[in-house]
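**Q** My structure file coords.cif, mmCIF, C-alpha atoms, is below:
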data_my_file
loop_
_atom_site.group_PDB
_atom_site.id
_atom_site.type_symbol
_atom_site.label_atom_id
_atom_site.label_comp_id
_atom_site.auth_asym_id
_atom_site.auth_seq_id
_atom_site.Cartn_x
_atom_site.Cartn_y
_atom_site.Cartn_z
ATOM 1 C CA MET A 161 1.239 -14.360 -24.943
ATOM 2 C CA ARG A 162 0.206 -12.156 -27.800
ATOM 3 C CA GLU A 163 1.693 -8.921 -29.017
ATOM 4 C CA ASN A 164 -0.577 -5.963 -29.632
ATOM 5 C CA GLY A 165 -3.466 -6.778 -31.928
ATOM 6 C CA PRO A 166 -6.761 -8.564 -31.286
ATOM 7 C CA VAL A 167 -8.172 -11.595 -33.049
ATOM 8 C CA THR A 168 -11.696 -10.791 -34.123
ATOM 9 C CA SER A 169 -14.699 -12.781 -35.189
ATOM 10 C CA ALA A 170 -18.453 -12.460 -35.084
ATOM 11 C CA THR A 171 -19.884 -12.065 -31.588
ATOM 12 C CA ARG A 172 -22.888 -14.061 -30.500
ATOM 13 C CA GLN A 173 -24.863 -14.366 -27.303
ATOM 14 C CA PRO A 174 -23.610 -16.683 -24.561
ATOM 15 C CA GLU A 175 -24.416 -20.350 -24.481
ATOM 16 C CA THR A 176 -24.557 -21.083 -20.760
ATOM 17 C CA PRO A 177 -25.378 -24.691 -19.885
ATOM 18 C CA ALA A 178 -26.610 -25.364 -16.362
ATOM 19 C CA PHE A 179 -23.835 -25.975 -13.853
ATOM 20 C CA ALA A 180 -24.383 -29.626 -12.982
ATOM 21 C CA THR A 181 -21.436 -29.521 -10.543
ATOM 22 C CA PRO A 182 -21.048 -26.383 -8.391
ATOM 23 C CA PRO A 183 -17.826 -24.687 -9.548
ATOM 24 C CA ARG A 184 -14.995 -24.326 -7.044
ATOM 25 C CA LEU A 185 -12.404 -22.717 -9.314
ATOM 26 C CA ILE A 186 -12.436 -20.264 -12.216
ATOM 27 C CA ALA A 187 -9.474 -20.444 -14.606
ATOM 28 C CA THR A 188 -9.281 -17.543 -17.017
ATOM 29 C CA ASP A 189 -6.899 -16.496 -19.742
ATOM 30 C CA LEU A 190 -6.024 -12.782 -19.844
ATOM 31 C CA ASP A 191 -5.363 -11.288 -23.301
ATOM 32 C CA GLY A 192 -8.415 -11.506 -25.526
ATOM 33 C CA THR A 193 -10.392 -13.046 -22.673
ATOM 34 C CA LEU A 194 -10.478 -11.306 -19.286
ATOM 35 C CA LEU A 195 -8.739 -8.160 -20.537
ATOM 36 C CA ARG A 196 -10.318 -5.770 -22.975
ATOM 37 C CA ASP A 197 -8.338 -4.926 -26.091
ATOM 38 C CA ASP A 198 -6.871 -1.862 -24.328
ATOM 39 C CA LYS A 199 -5.448 -4.302 -21.701
ATOM 40 C CA SER A 200 -7.755 -3.009 -18.970
ATOM 41 C CA VAL A 201 -9.960 -4.977 -16.589
ATOM 42 C CA SER A 202 -13.434 -3.449 -16.686
ATOM 43 C CA PRO A 203 -15.199 -2.439 -13.455
ATOM 44 C CA ARG A 204 -17.851 -5.068 -14.164
ATOM 45 C CA THR A 205 -15.194 -7.782 -14.425
ATOM 46 C CA VAL A 206 -13.412 -6.570 -11.264
ATOM 47 C CA ALA A 207 -16.714 -6.827 -9.403
ATOM 48 C CA ALA A 208 -17.453 -10.295 -10.792
ATOM 49 C CA LEU A 209 -14.032 -11.636 -9.775
ATOM 50 C CA ALA A 210 -14.408 -10.206 -6.267
ATOM 51 C CA ALA A 211 -17.904 -11.677 -5.957
ATOM 52 C CA ALA A 212 -16.641 -15.108 -6.998
ATOM 53 C CA GLU A 213 -13.878 -15.046 -4.377
ATOM 54 C CA GLU A 214 -16.366 -13.843 -1.771
ATOM 55 C CA ALA A 215 -18.559 -16.817 -2.641
ATOM 56 C CA GLY A 216 -15.655 -19.178 -2.040
ATOM 57 C CA VAL A 217 -14.767 -19.809 -5.699
ATOM 58 C CA GLN A 218 -11.028 -19.561 -6.311
ATOM 59 C CA VAL A 219 -9.844 -17.547 -9.312
ATOM 60 C CA PHE A 220 -6.696 -18.482 -11.217
ATOM 61 C CA PHE A 221 -5.260 -16.296 -13.963
ATOM 62 C CA VAL A 222 -3.834 -18.730 -16.543
ATOM 63 C CA THR A 223 -1.872 -16.933 -19.230
ATOM 64 C CA GLY A 224 0.902 -17.106 -21.783
ATOM 65 C CA ARG A 225 2.323 -13.901 -20.310
ATOM 66 C CA PRO A 226 5.592 -13.963 -18.388
ATOM 67 C CA ALA A 227 5.425 -13.123 -14.699
ATOM 68 C CA ARG A 228 6.837 -9.638 -15.256
ATOM 69 C CA TRP A 229 3.787 -8.738 -17.375
ATOM 70 C CA MET A 230 1.264 -9.537 -14.653
ATOM 71 C CA ASP A 231 0.918 -5.966 -13.398
ATOM 72 C CA VAL A 232 -2.338 -5.709 -15.383
ATOM 73 C CA VAL A 233 -4.071 -7.931 -12.810
ATOM 74 C CA SER A 234 -1.898 -7.507 -9.703
ATOM 75 C CA ASP A 235 -4.545 -5.237 -8.146
ATOM 76 C CA HIS A 236 -7.175 -7.945 -8.561
ATOM 77 C CA VAL A 237 -5.439 -10.795 -6.754
ATOM 78 C CA HIS A 238 -7.524 -12.359 -4.025
ATOM 79 C CA GLY A 239 -7.063 -15.305 -1.686
ATOM 80 C CA HIS A 240 -4.195 -17.551 -2.790
ATOM 81 C CA GLY A 241 -2.670 -14.887 -5.048
ATOM 82 C CA LEU A 242 -1.284 -17.411 -7.529
ATOM 83 C CA ALA A 243 -1.189 -17.201 -11.317
ATOM 84 C CA ILE A 244 -0.115 -19.710 -13.959
ATOM 85 C CA CYS A 245 2.215 -17.956 -16.396
ATOM 86 C CA GLY A 246 4.102 -18.842 -19.569
ATOM 87 C CA ASN A 247 1.434 -21.313 -20.769
ATOM 88 C CA GLY A 248 1.942 -23.453 -17.687
ATOM 89 C CA ALA A 249 5.718 -23.095 -17.376
ATOM 90 C CA ALA A 250 5.486 -21.293 -14.023
ATOM 91 C CA VAL A 251 3.195 -20.816 -11.051
ATOM 92 C CA VAL A 252 3.782 -17.368 -9.584
ATOM 93 C CA ASP A 253 2.767 -15.734 -6.306
ATOM 94 C CA LEU A 254 1.618 -12.215 -7.182
ATOM 95 C CA HIS A 255 1.095 -10.997 -3.628
ATOM 96 C CA GLY A 256 4.276 -8.927 -3.700
ATOM 97 C CA GLY A 257 3.008 -6.792 -6.565
ATOM 98 C CA PRO A 258 4.800 -5.839 -9.810
ATOM 99 C CA GLY A 259 8.478 -6.746 -9.738
ATOM 100 C CA ALA A 260 8.208 -8.634 -6.437
ATOM 101 C CA HIS A 261 6.630 -11.877 -7.615
ATOM 102 C CA ARG A 262 7.845 -15.245 -6.346
ATOM 103 C CA PHE A 263 8.111 -18.395 -8.437
ATOM 104 C CA VAL A 264 6.281 -21.196 -6.641
ATOM 105 C CA LYS A 265 6.673 -23.832 -9.356
ATOM 106 C CA VAL A 266 8.769 -23.954 -12.541
ATOM 107 C CA ARG A 267 8.290 -26.467 -15.370
ATOM 108 C CA ASP A 268 11.185 -25.544 -17.592
ATOM 109 C CA LEU A 269 12.233 -26.443 -21.108
ATOM 110 C CA ALA A 270 15.528 -28.350 -21.049
ATOM 111 C CA ARG A 271 18.210 -26.532 -23.020
ATOM 112 C CA GLY A 272 18.969 -29.622 -25.092
ATOM 113 C CA ASN A 273 15.326 -29.887 -26.132
ATOM 114 C CA ALA A 274 15.221 -26.176 -26.852
ATOM 115 C CA LEU A 275 18.318 -26.348 -29.053
ATOM 116 C CA ASP A 276 16.935 -29.338 -30.962
ATOM 117 C CA ALA A 277 13.599 -27.566 -31.473
ATOM 118 C CA VAL A 278 15.345 -24.439 -32.771
ATOM 119 C CA ARG A 279 17.410 -26.492 -35.210
ATOM 120 C CA LEU A 280 14.482 -28.579 -36.457
ATOM 121 C CA LEU A 281 12.267 -25.549 -36.968
ATOM 122 C CA ARG A 282 15.018 -23.607 -38.756
ATOM 123 C CA ASP A 283 15.276 -26.512 -41.192
ATOM 124 C CA ALA A 284 11.505 -26.861 -41.630
ATOM 125 C CA ALA A 285 10.775 -23.129 -41.913
ATOM 126 C CA PRO A 286 13.778 -21.120 -43.119
ATOM 127 C CA GLY A 287 13.568 -17.524 -41.967
ATOM 128 C CA THR A 288 12.329 -18.357 -38.474
ATOM 129 C CA VAL A 289 13.795 -16.091 -35.776
ATOM 130 C CA TYR A 290 13.786 -16.652 -32.028
ATOM 131 C CA ALA A 291 13.516 -15.130 -28.573
ATOM 132 C CA ILE A 292 14.077 -16.900 -25.258
ATOM 133 C CA GLU A 293 11.982 -16.429 -22.099
ATOM 134 C CA GLN A 294 13.594 -17.337 -18.784
ATOM 135 C CA THR A 295 12.293 -16.914 -15.268
ATOM 136 C CA TYR A 296 13.644 -13.365 -15.122
ATOM 137 C CA GLY A 297 15.547 -12.840 -18.371
ATOM 138 C CA PHE A 298 14.454 -12.164 -21.944
ATOM 139 C CA HIS A 299 16.851 -12.599 -24.872
ATOM 140 C CA GLN A 300 16.360 -12.437 -28.620
ATOM 141 C CA GLU A 301 18.079 -12.786 -31.945
ATOM 142 C CA PRO A 302 18.994 -9.541 -33.738
ATOM 143 C CA ALA A 303 16.430 -10.205 -36.497
ATOM 144 C CA TYR A 304 13.566 -10.917 -34.088
ATOM 145 C CA PRO A 305 11.008 -8.094 -34.512
ATOM 146 C CA LYS A 306 9.984 -5.664 -31.781
ATOM 147 C CA LEU A 307 6.844 -7.560 -30.814
ATOM 148 C CA HIS A 308 7.262 -6.990 -27.080
ATOM 149 C CA LEU A 309 7.514 -3.641 -25.361
ATOM 150 C CA GLU A 310 10.784 -4.329 -23.589
ATOM 151 C CA ILE A 311 14.517 -4.241 -24.189
ATOM 152 C CA PRO A 312 16.105 -7.698 -24.377
ATOM 153 C CA ASP A 313 18.959 -8.600 -22.071
ATOM 154 C CA HIS A 314 21.007 -9.961 -24.989
ATOM 155 C CA LEU A 315 20.888 -9.834 -28.785
ATOM 156 C CA LEU A 316 22.456 -13.129 -29.850
ATOM 157 C CA PRO A 317 21.685 -16.184 -32.004
ATOM 158 C CA ALA A 318 19.390 -18.603 -30.169
ATOM 159 C CA GLU A 319 22.082 -21.269 -30.196
ATOM 160 C CA GLU A 320 24.406 -18.995 -28.211
ATOM 161 C CA ILE A 321 21.683 -17.956 -25.782
ATOM 162 C CA LEU A 322 20.776 -21.597 -25.114
ATOM 163 C CA ALA A 323 24.337 -22.906 -24.868
ATOM 164 C CA THR A 324 25.334 -24.426 -21.541
ATOM 165 C CA ASP A 325 27.882 -21.635 -21.130
ATOM 166 C CA GLY A 326 25.579 -18.961 -22.576
ATOM 167 C CA PRO A 327 24.172 -15.886 -20.801
ATOM 168 C CA SER A 328 22.018 -16.735 -17.760
ATOM 169 C CA ALA A 329 23.012 -20.380 -18.172
ATOM 170 C CA GLY A 330 21.946 -21.170 -14.619
ATOM 171 C CA GLU A 331 18.459 -19.725 -15.076
ATOM 172 C CA PRO A 332 15.577 -21.974 -16.229
ATOM 173 C CA VAL A 333 14.251 -21.566 -19.775
ATOM 174 C CA LEU A 334 10.466 -21.222 -19.685
ATOM 175 C CA LYS A 335 9.811 -21.066 -23.406
ATOM 176 C CA VAL A 336 11.233 -20.314 -26.814
ATOM 177 C CA LEU A 337 9.377 -17.853 -29.031
ATOM 178 C CA ALA A 338 9.592 -18.548 -32.772
ATOM 179 C CA TYR A 339 8.492 -15.929 -35.303
ATOM 180 C CA HIS A 340 8.153 -16.252 -39.056
ATOM 181 C CA PRO A 341 7.649 -13.112 -41.180
ATOM 182 C CA ALA A 342 5.682 -14.725 -44.009
ATOM 183 C CA LEU A 343 3.885 -17.929 -43.005
ATOM 184 C CA ASP A 344 0.210 -18.185 -42.116
ATOM 185 C CA PRO A 345 -0.017 -18.500 -38.300
ATOM 186 C CA ASP A 346 -2.017 -21.735 -38.252
ATOM 187 C CA ALA A 347 0.085 -23.278 -41.021
ATOM 188 C CA PHE A 348 3.237 -22.371 -39.075
ATOM 189 C CA LEU A 349 1.808 -23.998 -35.950
ATOM 190 C CA SER A 350 0.983 -27.225 -37.787
ATOM 191 C CA LEU A 351 4.391 -27.316 -39.459
ATOM 192 C CA ALA A 352 6.213 -26.692 -36.162
ATOM 193 C CA ARG A 353 4.310 -29.390 -34.288
ATOM 194 C CA LEU A 354 5.201 -31.874 -36.987
ATOM 195 C CA ALA A 355 8.865 -30.807 -37.038
ATOM 196 C CA VAL A 356 9.388 -30.668 -33.274
ATOM 197 C CA GLY A 357 7.353 -33.734 -32.346
ATOM 198 C CA ASP A 358 7.476 -34.743 -28.690
ATOM 199 C CA LEU A 359 10.633 -32.746 -27.920
ATOM 200 C CA ALA A 360 8.465 -29.841 -26.762
ATOM 201 C CA THR A 361 4.948 -28.449 -26.626
ATOM 202 C CA VAL A 362 4.219 -25.944 -29.401
ATOM 203 C CA THR A 363 1.266 -23.560 -29.363
ATOM 204 C CA ARG A 364 0.346 -19.980 -30.181
ATOM 205 C CA SER A 365 -1.662 -17.097 -28.739
ATOM 206 C CA SER A 366 -0.756 -14.326 -31.161
ATOM 207 C CA PRO A 367 -2.618 -13.222 -34.299
ATOM 208 C CA SER A 368 0.737 -13.265 -36.106
ATOM 209 C CA ALA A 369 2.999 -16.228 -36.917
ATOM 210 C CA LEU A 370 4.505 -16.272 -33.422
ATOM 211 C CA LEU A 371 4.804 -19.664 -31.756
ATOM 212 C CA GLU A 372 5.446 -20.492 -28.100
ATOM 213 C CA ILE A 373 7.554 -23.579 -27.383
ATOM 214 C CA SER A 374 7.488 -25.087 -23.868
ATOM 215 C CA GLY A 375 8.677 -28.270 -22.196
ATOM 216 C CA PRO A 376 7.143 -31.620 -23.196
ATOM 217 C CA GLY A 377 3.694 -31.961 -21.659
ATOM 218 C CA VAL A 378 3.686 -28.402 -20.331
ATOM 219 C CA SER A 379 0.447 -26.568 -21.018
ATOM 220 C CA LYS A 380 -2.052 -24.397 -19.226
ATOM 221 C CA ALA A 381 -4.165 -27.499 -18.657
ATOM 222 C CA SER A 382 -1.451 -29.737 -17.223
ATOM 223 C CA THR A 383 -0.229 -27.133 -14.722
ATOM 224 C CA LEU A 384 -3.793 -26.195 -13.792
ATOM 225 C CA ALA A 385 -4.513 -29.887 -13.199
ATOM 226 C CA LEU A 386 -1.538 -30.065 -10.808
ATOM 227 C CA GLU A 387 -2.749 -27.021 -8.883
ATOM 228 C CA CYS A 388 -6.278 -28.409 -8.678
ATOM 229 C CA ALA A 389 -5.048 -31.809 -7.486
ATOM 230 C CA GLU A 390 -3.150 -30.114 -4.648
ATOM 231 C CA ARG A 391 -6.424 -28.476 -3.594
ATOM 232 C CA GLY A 392 -8.634 -31.522 -3.973
ATOM 233 C CA ILE A 393 -10.528 -29.919 -6.849
ATOM 234 C CA SER A 394 -11.702 -32.135 -9.719
ATOM 235 C CA HIS A 395 -11.828 -30.997 -13.331
ATOM 236 C CA GLU A 396 -15.651 -31.124 -13.128
ATOM 237 C CA GLU A 397 -15.463 -28.315 -10.546
ATOM 238 C CA VAL A 398 -13.470 -25.991 -12.838
ATOM 239 C CA VAL A 399 -14.879 -23.316 -15.157
ATOM 240 C CA ALA A 400 -12.379 -22.125 -17.778
ATOM 241 C CA PHE A 401 -12.305 -19.227 -20.246
ATOM 242 C CA GLY A 402 -10.086 -18.701 -23.287
ATOM 243 C CA ASP A 403 -9.797 -17.497 -26.848
ATOM 244 C CA MET A 404 -6.736 -18.938 -28.613
ATOM 245 C CA PRO A 405 -5.019 -22.247 -29.497
ATOM 246 C CA ASN A 406 -2.931 -22.108 -26.295
ATOM 247 C CA ASP A 407 -6.226 -22.375 -24.370
ATOM 248 C CA VAL A 408 -7.509 -25.479 -26.162
ATOM 249 C CA GLU A 409 -6.204 -28.081 -23.698
ATOM 250 C CA MET A 410 -7.533 -26.107 -20.729
ATOM 251 C CA LEU A 411 -10.939 -25.611 -22.342
ATOM 252 C CA THR A 412 -11.108 -29.324 -23.095
ATOM 253 C CA TRP A 413 -10.011 -30.372 -19.591
ATOM 254 C CA ALA A 414 -12.340 -28.177 -17.532
ATOM 255 C CA GLY A 415 -15.795 -29.426 -16.608
ATOM 256 C CA GLN A 416 -17.324 -26.223 -17.977
ATOM 257 C CA SER A 417 -15.519 -24.026 -20.475
ATOM 258 C CA TYR A 418 -16.292 -20.961 -22.518
ATOM 259 C CA ALA A 419 -14.767 -19.611 -25.695
ATOM 260 C CA MET A 420 -15.010 -15.872 -26.104
ATOM 261 C CA GLY A 421 -17.065 -14.261 -28.844
ATOM 262 C CA ASN A 422 -13.774 -13.186 -30.439
ATOM 263 C CA ALA A 423 -12.190 -16.655 -30.116
ATOM 264 C CA HIS A 424 -10.115 -18.623 -32.614
ATOM 265 C CA PRO A 425 -12.080 -21.530 -34.191
ATOM 266 C CA ALA A 426 -9.906 -24.064 -32.335
ATOM 267 C CA ALA A 427 -10.914 -22.574 -28.991
ATOM 268 C CA VAL A 428 -14.576 -22.538 -30.000
ATOM 269 C CA ALA A 429 -14.413 -26.211 -30.962
ATOM 270 C CA ALA A 430 -12.740 -27.142 -27.654
ATOM 271 C CA ALA A 431 -15.116 -25.295 -25.329
ATOM 272 C CA SER A 432 -18.410 -26.582 -23.982
ATOM 273 C CA GLY A 433 -20.001 -23.125 -24.231
ATOM 274 C CA ARG A 434 -19.628 -19.677 -25.753
ATOM 275 C CA THR A 435 -19.805 -16.258 -24.188
ATOM 276 C CA VAL A 436 -19.646 -12.768 -25.658
ATOM 277 C CA ALA A 437 -16.398 -11.041 -26.634
ATOM 278 C CA ASN A 438 -13.728 -9.793 -24.256
ATOM 279 C CA ASN A 439 -14.705 -6.183 -24.951
ATOM 280 C CA GLU A 440 -18.240 -7.046 -23.818
ATOM 281 C CA ASP A 441 -17.085 -8.572 -20.502
ATOM 282 C CA GLY A 442 -17.794 -12.144 -21.541
ATOM 283 C CA VAL A 443 -16.085 -13.630 -18.471
ATOM 284 C CA ALA A 444 -18.122 -11.444 -16.117
ATOM 285 C CA VAL A 445 -21.356 -12.416 -17.902
ATOM 286 C CA VAL A 446 -20.807 -16.099 -17.115
ATOM 287 C CA ILE A 447 -19.573 -15.517 -13.557
ATOM 288 C CA GLU A 448 -22.649 -13.426 -12.787
ATOM 289 C CA GLU A 449 -24.932 -16.180 -14.097
ATOM 290 C CA MET A 450 -22.934 -18.813 -12.224
ATOM 291 C CA LEU A 451 -23.252 -16.973 -8.923
ATOM 292 C CA ALA A 452 -26.936 -16.263 -9.478
ATOM 293 C CA ALA A 453 -27.503 -20.001 -9.972
ATOM 294 C CA ARG A 454 -25.825 -20.672 -6.602
ATOM 295 C CA ALA A 455 -28.039 -18.227 -4.726
#
Starting from the file, give its structure as structure tokens.

**A**
Amino acid sequence: MRENGPVTSATRQPETPAFATPPRLIATDLDGTLLRDDKSVSPRTVAALAAAEEAGVQVFFVTGRPARWMDVVSDHVHGHGLAICGNGAAVVDLHGGPGAHRFVKVRDLARGNALDAVRLLRDAAPGTVYAIEQTYGFHQEPAYPKLHLEIPDHLLPAEEILATDGPSAGEPVLKVLAYHPALDPDAFLSLARLAVGDLATVTRSSPSALLEISGPGVSKASTLALECAERGISHEEVVAFGDMPNDVEMLTWAGQSYAMGNAHPAAVAAASGRTVANNEDGVAVVIEEMLAARA
């Protein structure tokens, strides 16, 4: 889940290996991938997604966004209507439209793990400030910057928010957001992973030093794998698209995967192929070629 601001790099033409196994499912990230930088879905991409569903290929939106931010694609839901949100922390039914989504599956971050991660990262990187994502609530510390275009439910220290008697104590925690005002984003990610260890999964999707901390083993890939297993779909039958470190596991897991032309080097290294940038409809380019190969 990134705040406003794209990650840019040189764009190159797609590398599209032949599809040895006919794809049955497309898994695509949103920001920096399916969405253009203005957060729109281009007409070409809308048509490609509809054509894929018409051809019997399921489409899953797999994003770091919380469920309440899924209005950008709610008009493009087909078939099953499910999306994987919060970097794998939730599977959400979008059929109800904005504000009427239903949580189908929740893989939460235990409050004890969250509190330990907050403490360990405060010690390792003084100056870190936090926000807390829950299934419906959003809370932040007073010093946390206005990275998200919404008003938090509470302005409190993370330790108070996460306390067993804290606000929304009965509501699952999906992830902790950790922001540092001065550290390099990749250096902050490496430091946090070392500090937190196996207490939680730490990743990032923002161009700034904003980390996303989820439950142990929770990632886009692991939740996507669960959804595919329920449908009898193997990883070889999945085509995935992404652009940031939070996409790496998914790009590695899928039988075919594409990093965008604007992708972070970690995503490029993880993917089996490369397509053009999000502003050039890189996802649609590959889907069109995939469907043409099936004809």

**Q** To verify the selection step, state as a PyMOL selection string which residues the PyMOL selection byres ((chain A and resi 197) around 8) yields on this input.

**A** chain A and resi 165-166+191-192+195-196+198-200+438-439

**Q** Those same residues, written as a tab-separated table (two decimals), in the coordinates of the input with C-alpha atoms?

**A**
chain	number	residue	atom	x	y	z
A	165	GLY	CA	-3.47	-6.78	-31.93
A	166	PRO	CA	-6.76	-8.56	-31.29
A	191	ASP	CA	-5.36	-11.29	-23.30
A	192	GLY	CA	-8.41	-11.51	-25.53
A	195	LEU	CA	-8.74	-8.16	-20.54
A	196	ARG	CA	-10.32	-5.77	-22.98
A	198	ASP	CA	-6.87	-1.86	-24.33
A	199	LYS	CA	-5.45	-4.30	-21.70
A	200	SER	CA	-7.76	-3.01	-18.97
A	438	ASN	CA	-13.73	-9.79	-24.26
A	439	ASN	CA	-14.70	-6.18	-24.95

**Q** Using only C-alpha atoms, pick whichever of A:Asn422, A:Thr435, A:Gln416, A:Thr383 has the shortest atom-to-atom distance to Ala249 of chain A.

**A** A:Thr383

**Q** Starting from the PyMOL selection byres ((chain A and resi 245) around 6), expand the selection into actual residues of this file and give them as a list in words.

**A**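 Applying the expression gives Thr223, Gly224, Arg225, Pro226, Ile244, Gly246, Asn247, Gly248 and Ala250 of chain A.
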
**Q** Distance table requested - segment 322-406 of chain A against segment 263-269 of chain A, cut-off 10 Å, all atoms listed in the file: one row per qualifying residue with the closest atom pair and its distance in Å to one decimal, ordered by chain and rising residue number, as a Markdown table.

**A**
| residue | atom | partner | partner_atom | distance |
| --- | --- | --- | --- | --- |
| A:Glu331 | CA | A:Asp268 | CA | 9.6 |
| A:Pro332 | CA | A:Asp268 | CA | 5.8 |
| A:Val333 | CA | A:Leu269 | CA | 5.4 |
| A:Leu334 | CA | A:Asp268 | CA | 4.9 |
| A:Lys335 | CA | A:Leu269 | CA | 6.3 |
| A:Val336 | CA | A:Leu269 | CA | 8.4 |
| A:Leu359 | CA | A:Leu269 | CA | 9.4 |
| A:Ala360 | CA | A:Leu269 | CA | 7.6 |
| A:Thr361 | CA | A:Leu269 | CA | 9.4 |
| A:Ile373 | CA | A:Leu269 | CA | 8.3 |
| A:Ser374 | CA | A:Leu269 | CA | 5.7 |
| A:Gly375 | CA | A:Leu269 | CA | 4.1 |
| A:Pro376 | CA | A:Leu269 | CA | 7.6 |
| A:Gly377 | CA | A:Arg267 | CA | 9.5 |
| A:Val378 | CA | A:Arg267 | CA | 7.0 |
| A:Ser379 | CA | A:Arg267 | CA | 9.7 |
| A:Thr383 | CA | A:Arg267 | CA | 8.6 |
| A:Glu387 | CA | A:Lys265 | CA | 10.0 |

**Q** In terms of the shortest atom-to-atom distance over all atoms listed in the file, which of A:Leu254, A:Val362, A:Ala347, A:Ala210 is closest to Asp231 of chain A?

**A** A:Leu254

**Q** Please give the centre and size of the box around segment 401-404 of chain A (axis-aligned, containing every atom listed in the file, 4 Å added per side), with values in Å to one decimal and written as lines of an AutoDock Vina configuration file.

**A**
center_x = -9.5
center_y = -18.4
center_z = -24.4
size_x = 13.6
size_y = 9.7
size_z = 16.4

**Q** Pick from A:Val201, A:Leu194, A:Ala329, A:Ala385: nearest to Glu397 of chain A, with all atoms listed in the file counted?

**A**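 With all atoms listed in the file as the atom set, the closest residue is A:Ala385.
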
**Q** Convert the output of the PyMOL selection byres ((chain A and resi 294-310) around 8) on the shown file into explicit residues, formatted as number ranges by chain.

**A** A: 163-164, 226-228, 289-293, 311-318, 321, 328, 331-335, 339

**Q** Using the selection just defined, write its residues with C-alpha atoms as a PDB file, keeping the file's coordinate frame.

**A**
ATOM      1  CA  GLU A 163       1.693  -8.921 -29.017  1.00  0.00           C
ATOM      2  CA  ASN A 164      -0.577  -5.963 -29.632  1.00  0.00           C
ATOM      3  CA  PRO A 226       5.592 -13.963 -18.388  1.00  0.00           C
ATOM      4  CA  ALA A 227       5.425 -13.123 -14.699  1.00  0.00           C
ATOM      5  CA  ARG A 228       6.837  -9.638 -15.256  1.00  0.00           C
ATOM      6  CA  VAL A 289      13.795 -16.091 -35.776  1.00  0.00           C
ATOM      7  CA  TYR A 290      13.786 -16.652 -32.028  1.00  0.00           C
ATOM      8  CA  ALA A 291      13.516 -15.130 -28.573  1.00  0.00           C
ATOM      9  CA  ILE A 292      14.077 -16.900 -25.258  1.00  0.00           C
ATOM     10  CA  GLU A 293      11.982 -16.429 -22.099  1.00  0.00           C
ATOM     11  CA  ILE A 311      14.517  -4.241 -24.189  1.00  0.00           C
ATOM     12  CA  PRO A 312      16.105  -7.698 -24.377  1.00  0.00           C
ATOM     13  CA  ASP A 313      18.959  -8.600 -22.071  1.00  0.00           C
ATOM     14  CA  HIS A 314      21.007  -9.961 -24.989  1.00  0.00           C
ATOM     15  CA  LEU A 315      20.888  -9.834 -28.785  1.00  0.00           C
ATOM     16  CA  LEU A 316      22.456 -13.129 -29.850  1.00  0.00           C
ATOM     17  CA  PRO A 317      21.685 -16.184 -32.004  1.00  0.00           C
ATOM     18  CA  ALA A 318      19.390 -18.603 -30.169  1.00  0.00           C
ATOM     19  CA  ILE A 321      21.683 -17.956 -25.782  1.00  0.00           C
ATOM     20  CA  SER A 328      22.018 -16.735 -17.760  1.00  0.00           C
ATOM     21  CA  GLU A 331      18.459 -19.725 -15.076  1.00  0.00           C
ATOM     22  CA  PRO A 332      15.577 -21.974 -16.229  1.00  0.00           C
ATOM     23  CA  VAL A 333      14.251 -21.566 -19.775  1.00  0.00           C
ATOM     24  CA  LEU A 334      10.466 -21.222 -19.685  1.00  0.00           C
ATOM     25  CA  LYS A 335       9.811 -21.066 -23.406  1.00  0.00           C
ATOM     26  CA  TYR A 339       8.492 -15.929 -35.303  1.00  0.00           C
TER      27      TYR A 339
END

**Q** Can you pull out the residues contacting Ser432 of chain A? Cut-off 8 Å, using all atoms listed in the file, and skip same-chain residues under 5 positions away; I want them as JSON, numbers by chain.

**A** {"A": [411, 412, 416, 417, 418]}

**Q** Neighbouring residues of segment 341-346 of chain A were defined as those with any atom within 10 Å, considering all atoms listed in the file; residues of the same chain fewer than 5 positions away were excluded. Please report them as a PyMOL selection string.

**A** chain A and resi 285+287-289+304-305+351-352+363-371+405

**Q** Enter the distance from atom CA of Ala215 of chain A to atom CA of Ala427 of chain A, in Å, rounded to one decimal.

**A**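 Atom CA of Ala427 of chain A lies 28.0 Å from atom CA of Ala215 of chain A.
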
**Q** Choose the residue, out of A:His340, A:Arg271, A:Arg262, A:His255, that has the smallest atom-to-atom separation from Ala284 of chain A; count all atoms listed in the file.

**A**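 When distances to Ala284 of chain A are compared using all atoms listed in the file, the smallest one comes from A:His340.
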
**Q** Could you check how far atom CA of Met410 of chain A sits from atom CA of Ala187 of chain A, in Å to one decimal?

**A** 8.6 Å

**Q** Closest to Leu275 of chain A among A:Glu319, A:Glu390, A:Glu372, A:Asp189, using all atoms listed in the file?

**A**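 The shortest atom-to-atom distance to Leu275 of chain A comes from A:Glu319.
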
**Q** Could you tell me how far atom CA of Trp229 of chain A lies from atom CA of Met404 of chain A, in Å and to one decimal?

**A**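 Distance reported for this atom pair: 18.5 Å.
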
**Q** Name all residues at most 9 Å from Arg204 of chain A (count only C-alpha atoms; drop same-chain ones fewer than 5 positions away) and give them as a list in words.

**A**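 Contacts, in chain order: Leu209, Asp441, Ala444 and Val445 of chain A.
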
**Q** Give me a file of those residues, with C-alpha atoms, as a PDB file, in the coordinates of the input.

**A**
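Result file is result_23.pdb:
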ATOM      1  CA  LEU A 209     -14.032 -11.636  -9.775  1.00  0.00           C
ATOM      2  CA  ASP A 441     -17.085  -8.572 -20.502  1.00  0.00           C
ATOM      3  CA  ALA A 444     -18.122 -11.444 -16.117  1.00  0.00           C
ATOM      4  CA  VAL A 445     -21.356 -12.416 -17.902  1.00  0.00           C
TER       5      VAL A 445
END
